[in-house]
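Undergrad: Sharing a structure with you now.
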Amino acid sequence: MTDEKPALLEIDKLSVFIHTHRGSVRAVENTTFTIERGETFALIGESGSGKSILGLAVMRLLSPAAEVSGAIRLNGVDLTDLPEKEMQEIRGKMVGVIAQNPYLSMNPVMKVGDQIAEPMVTHLMMNREEAKERTRSVLKFFDITPPGVRYREYPYQYSGGMLQRAMVAMGTAAEPELIIADEPTKGVDVIRKRNIAATFRKVTGNGCAFLLITHDIEFARAMSTRIGVNYCGQILEIARTGDFFEEPLHPYSKALLESLPENGMKPIPGDPPSMIDVPEGCRFHPRCPHATERCKTPPPFVKIGAGEGHGERSVRCWLYA
Ligand SMILES: Nc1ncnc2c1ncn2[C@@H]1O[C@H](COP(=O)(O)OP(=O)(O)OP(=O)(O)O)[C@@H](O)[C@H]1O
Ligand code: NI
């Protein structure tokens, strides 16, 4: 079956090089993947591998030192060459961001309700009264009650969990089709993490797609429909979440899962690579137990299983070529 509509988000041969006095950081290189409507795509991988830079590239929030090539299409429209004014529209309406620290992303001297109502006024063209009304129902939806009272309160009057939910409410107030959440569980305890998971499920239940960027593999497993494994600026494997945890294919994916506490905490041998002088060929080959001579040349991104849609998986490894 062919879907007439383009995918919600198509990242097509995206590269982001950040030019520094020490050389060019190859934060994202030749990355291609899509996110379908309503799905949660989790990008996992070691610290410094380029996950956040990819998210910032989609939002077009990178510094001018970053050189971007390739295409980022949202509903078929390439964001990379959109005028900044149109991009601002998209940032609020189509791509909500959820920052990791609610205290930093909320305005301490503005009523929480007004902060949630604001994107409805600017992006959904609602008048103040409509936006207020909607905000009260949004507050209720996120268990921030009683909504009338909570509307008028300031962030310091909220508990941590409530503030976290309010932040998600703010990020989703303009009903975006895609939300980028970068490390939403960083530094939060188990209870709060459950809280975040429940909140996200509510939002995806409304048909919103997520690009979830996280170190937290258990959280990724619980929340996502598909997993992308990032290593040294490249995606090495893309699979459905269930398939991935049942049988990771790439040697790095295997090593990553074996390094989890519940799997024996086996450290990945060797050191993370330089992002400036990246390893030739397969980026993982210097640390890979299966590496042979051919791994010094770049492996193709092999498609495995000719299933339809995103049923298939892809691996960037000579073992599967
Ligand atoms: N403004 C910048 N200038 C120069 N290099 C940068 C800049 N921002 C990020 N980098 C480099 O780009 C690479 C990718 O960084 P990024 O923040 O995307 O990693 P990450 O995968 O999100 O890591 P973490 O899991 O720790 O958040 C890193 O090597 C980082 O040092
Ligand atoms: Ni990051």
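Each chain in the structure tokens gets a letter, A, B and so on, in the order shown; residues start at 1 in every chain, and ligands are counted from 1 in the order they appear.
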Which chains and residue numbers are within 12 Å of ligand 2, counting only C-alpha atoms and all ligand atoms, if I want them as a PyMOL selection string?

TA: chain A and resi 27+43-56+99-100+180-184+186+212-216+230+233

Undergrad: Which residues, written as a PDB file with N, CA and C atoms, in the first residue's frame, have at least one atom at most 7 Å from region 196-199 of chain A, with only C-alpha atoms counted and residues fewer than 4 positions away on the same chain left out?

TA:
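What landed in out-v8.pdb:
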```pdb
ATOM      1  N   ARG A 165       4.164  18.565  34.486  1.00  0.00           N
ATOM      2  CA  ARG A 165       2.969  18.373  33.657  1.00  0.00           C
ATOM      3  C   ARG A 165       2.532  19.695  33.019  1.00  0.00           C
ATOM      4  N   ARG A 192       8.624  10.517  39.621  1.00  0.00           N
ATOM      5  CA  ARG A 192       8.436  11.581  38.648  1.00  0.00           C
ATOM      6  C   ARG A 192       8.527  11.058  37.226  1.00  0.00           C
ATOM      7  N   VAL A 203      -0.490  12.531  25.752  1.00  0.00           N
ATOM      8  CA  VAL A 203      -0.278  13.364  24.571  1.00  0.00           C
ATOM      9  C   VAL A 203      -0.251  12.513  23.299  1.00  0.00           C
TER      10      VAL A 203
END
```

Undergrad: Skipping near chain neighbours, those fewer than 4 positions away, what residues fall within 8 Å of Glu36 (chain A) using only C-alpha atoms, listed as a list of chain:residue names?

TA: A:Ala7, A:Leu8, A:Leu9, A:Ala209

Undergrad: Ranking A:Pro64, A:Gly38, A:Pro261, A:Gly205 by minimum distance to ligand 1 and counting only C-alpha atoms and all ligand atoms, which one comes first?

TA: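 Ranking A:Pro64, A:Gly38, A:Pro261, A:Gly205 by distance to ligand 1, first place goes to A:Pro64.
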
Undergrad: Which of these residues is nearest to Asp78 (chain A), using only C-alpha atoms: A:Arg60, A:Lys202, A:Arg226, A:Lys93?

TA: A:Arg60

Undergrad: Between A:Pro272, A:Gly281, A:Pro176, A:Pro267, single out the one closest to ligand 1, counting only C-alpha atoms and all ligand atoms.

TA: A:Pro272

Undergrad: Set the distance at 12 Å and use only C-alpha atoms: which residues neighbour Ser224 (chain A) once local chain neighbours fewer than 4 positions away are removed? I'd like the list as a PyMOL selection string.

TA: chain A and resi 35+38-44+197+200-201+204+209-214+216-220+228+239-245

Undergrad: Can you list, as a list of chain:residue names, all residues belonging to region 105-215 of chain A that DSSP tags as strand (DSSP E or B)?

TA: A:Leu178, A:Ile179, A:Ile180, A:Ala181, A:Asp182, A:Ala209, A:Phe210, A:Leu211, A:Leu212, A:Ile213

Undergrad: Write the residues of the selection above to a file with N, CA and C atoms, as a PDB file, in the first residue's frame.

TA:
```pdb
ATOM      1  N   LEU A 178       4.277  17.240  16.205  1.00  0.00           N
ATOM      2  CA  LEU A 178       5.533  16.591  16.595  1.00  0.00           C
ATOM      3  C   LEU A 178       6.107  17.307  17.798  1.00  0.00           C
ATOM      4  N   ILE A 179       6.518  16.528  18.778  1.00  0.00           N
ATOM      5  CA  ILE A 179       7.170  17.112  19.943  1.00  0.00           C
ATOM      6  C   ILE A 179       8.566  16.550  20.043  1.00  0.00           C
ATOM      7  N   ILE A 180       9.516  17.433  20.260  1.00  0.00           N
ATOM      8  CA  ILE A 180      10.882  16.975  20.478  1.00  0.00           C
ATOM      9  C   ILE A 180      11.167  17.099  21.960  1.00  0.00           C
ATOM     10  N   ALA A 181      11.437  15.981  22.592  1.00  0.00           N
ATOM     11  CA  ALA A 181      11.728  15.990  24.025  1.00  0.00           C
ATOM     12  C   ALA A 181      13.147  15.485  24.228  1.00  0.00           C
ATOM     13  N   ASP A 182      14.019  16.370  24.680  1.00  0.00           N
ATOM     14  CA  ASP A 182      15.432  16.022  24.864  1.00  0.00           C
ATOM     15  C   ASP A 182      15.693  15.745  26.340  1.00  0.00           C
ATOM     16  N   ALA A 209       3.088  12.966  17.546  1.00  0.00           N
ATOM     17  CA  ALA A 209       4.305  12.154  17.422  1.00  0.00           C
ATOM     18  C   ALA A 209       5.411  12.736  18.305  1.00  0.00           C
ATOM     19  N   PHE A 210       6.323  11.886  18.712  1.00  0.00           N
ATOM     20  CA  PHE A 210       7.434  12.309  19.563  1.00  0.00           C
ATOM     21  C   PHE A 210       8.769  11.940  18.949  1.00  0.00           C
ATOM     22  N   LEU A 211       9.710  12.871  19.027  1.00  0.00           N
ATOM     23  CA  LEU A 211      11.109  12.500  18.862  1.00  0.00           C
ATOM     24  C   LEU A 211      11.681  12.580  20.267  1.00  0.00           C
ATOM     25  N   LEU A 212      11.937  11.423  20.828  1.00  0.00           N
ATOM     26  CA  LEU A 212      12.398  11.339  22.203  1.00  0.00           C
ATOM     27  C   LEU A 212      13.900  11.103  22.189  1.00  0.00           C
ATOM     28  N   ILE A 213      14.629  12.052  22.729  1.00  0.00           N
ATOM     29  CA  ILE A 213      16.085  11.944  22.777  1.00  0.00           C
ATOM     30  C   ILE A 213      16.461  11.592  24.202  1.00  0.00           C
TER      31      ILE A 213
END
```

Undergrad: So that I can see what lies close to Ser63 (chain A), please list as a PyMOL selection string the residues with an atom at most 12 Å from it, counting only C-alpha atoms and leaving out residues fewer than 2 positions away in the same chain.

TA: chain A and resi 16-20+53+56-57+59-61+65-68
